[in-house]
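Before any comments, here is the structure.
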Amino acid sequence: MSLAVTLASGSASRRAVLAAAGVVAKAVAPNVDEDSFRTALRAEGVSVRDQAMQLAELKAVRVSQSRAGLVIGGDQMLALGDTAFDKPKDMAEARRHLERLSGQTHTLETAIVICEEGRPVWRHLARPKLTMRPLSPAFIDGYLDAGGEKLLSTVGAYQLEGLGAQLFTRIEGDYFSILGLPLLPLLDYLRVRKVLPQ
C-alpha cells in the first residue's frame with residue numbers, strides 16, 4: 001500500500017502545484033507561530049536560507065507527529081543581499097517592497113523538508129534568482145491597483161503566474177520553485193519512496 005502524503009501548509013499555490021502534478025495529498029495547517037520563530041532566528045543571526053529551511057522543518061515535524069506517512073513542509077523567503085523580506089502586511093508595505101526590489105536581483109530561498117514519524121527524512125533547497133526591472137512610480141500604482149489585496153499573500157508582492165510576470169527582466173531557476181515548491185526533486189523522492197510509479 002502506498003504511503004499517505006500530507007502537505008503541512010495552508011498555501012493554495014503549493015496545493016495547486018501538487019494536485020496538478022497528480023500527487024494526492026491532504027493539506028493540514030501546521031499551526032506554528034511563524035512570526036515568533038522567524039524573529040528568534042533573526043535575533044540569533046541565522047541566514048535567510050537557513051531560516052527558510054528551519055521553518056519548513058518545523059512545519060513538517062509538527063504535522064508529522066500526528067499523521068502517518070510522509071509529511072511535506074515548505075517555506076520560502078525572499079532575500080535581497082542579507083535582508084529578508086516577509087509577506088507585506090498591507091498595501092503600503094507592498095509598495096515599499098516593490099520600490100526596494102526595483103532594478104535589483106533577489107533570491108527566493110525555497111526550502112522543502114519531508115518528515116516521517118516526526119523526523120526529517122529528506123531536504124531540498126532551491127534558490128531561484130529574479131531580476132526586477134526598474135519600476136516607475138506610475139507602474140507601481142497601476143500594478144498594485146490591478147493586483148489588489150491578493151498581492152499580500154506573497155513575498156515580494158508579486159505572483160509570477162499573473163501580472164507579476166511584468167515586473168522582471170530575467171529569471172534563473174525553475175518556475176515551480178518560484179511558486180514555492182521545488183516540484184521536480186520532490187517528485188523524484190516520491191518515486192524513490194514508491195508513492196509515485198517509476
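Following the order of the C-alpha cells, first chain is A, next is B, and so on, with residues numbered from 1 inside each chain and ligands from 1 in the order they appear.
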Problem set entry | Val113 (chain A) surroundings by only C-alpha atoms, 7 Å radius, close-in-sequence under 3 positions cut, as a ChimeraX atom specification | /A:56-57,60,72-74,120,122-124
Problem set entry | Nearby residues (only C-alpha atoms) at most 6 Å from Thr154 (chain A), same-chain spacing under 3 positions excluded, as a list in words |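 Answer for this query is Lys87, Leu151 and Ala157 of chain A.
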Contacts of region 63-70 of chain A at 6 Å or less, counting only C-alpha atoms, minus same-chain residues fewer than 5 places along, as a tab-separated table (two decimals) with C-alpha atoms, in the first residue's frame?
chain	number	residue	atom	x	y	z
A	3	LEU	CA	2.36	5.86	1.82
A	4	ALA	CA	-0.06	8.67	2.60
A	5	VAL	CA	1.20	12.14	1.69
A	30	PRO	CA	0.81	23.21	10.81
A	115	CYS	CA	9.25	14.13	7.69
A	116	GLU	CA	8.15	10.64	8.61
A	117	GLU	CA	7.13	9.68	12.16
A	118	GLY	CA	8.17	13.10	13.41
For this session: Among the residues of region 13-152 of chain A, find those DSSP assigns to alpha helix (DSSP H) from the backbone and print them as a PyMOL selection string.
Result: chain A and resi 13-20+34-43+48-64+91-101+137-147
Exercise. Between CA of Ser9 (chain A) and CA of Ala27 (chain A), what is the distance, to one decimal in Å?
Worked result: 6.2 Å
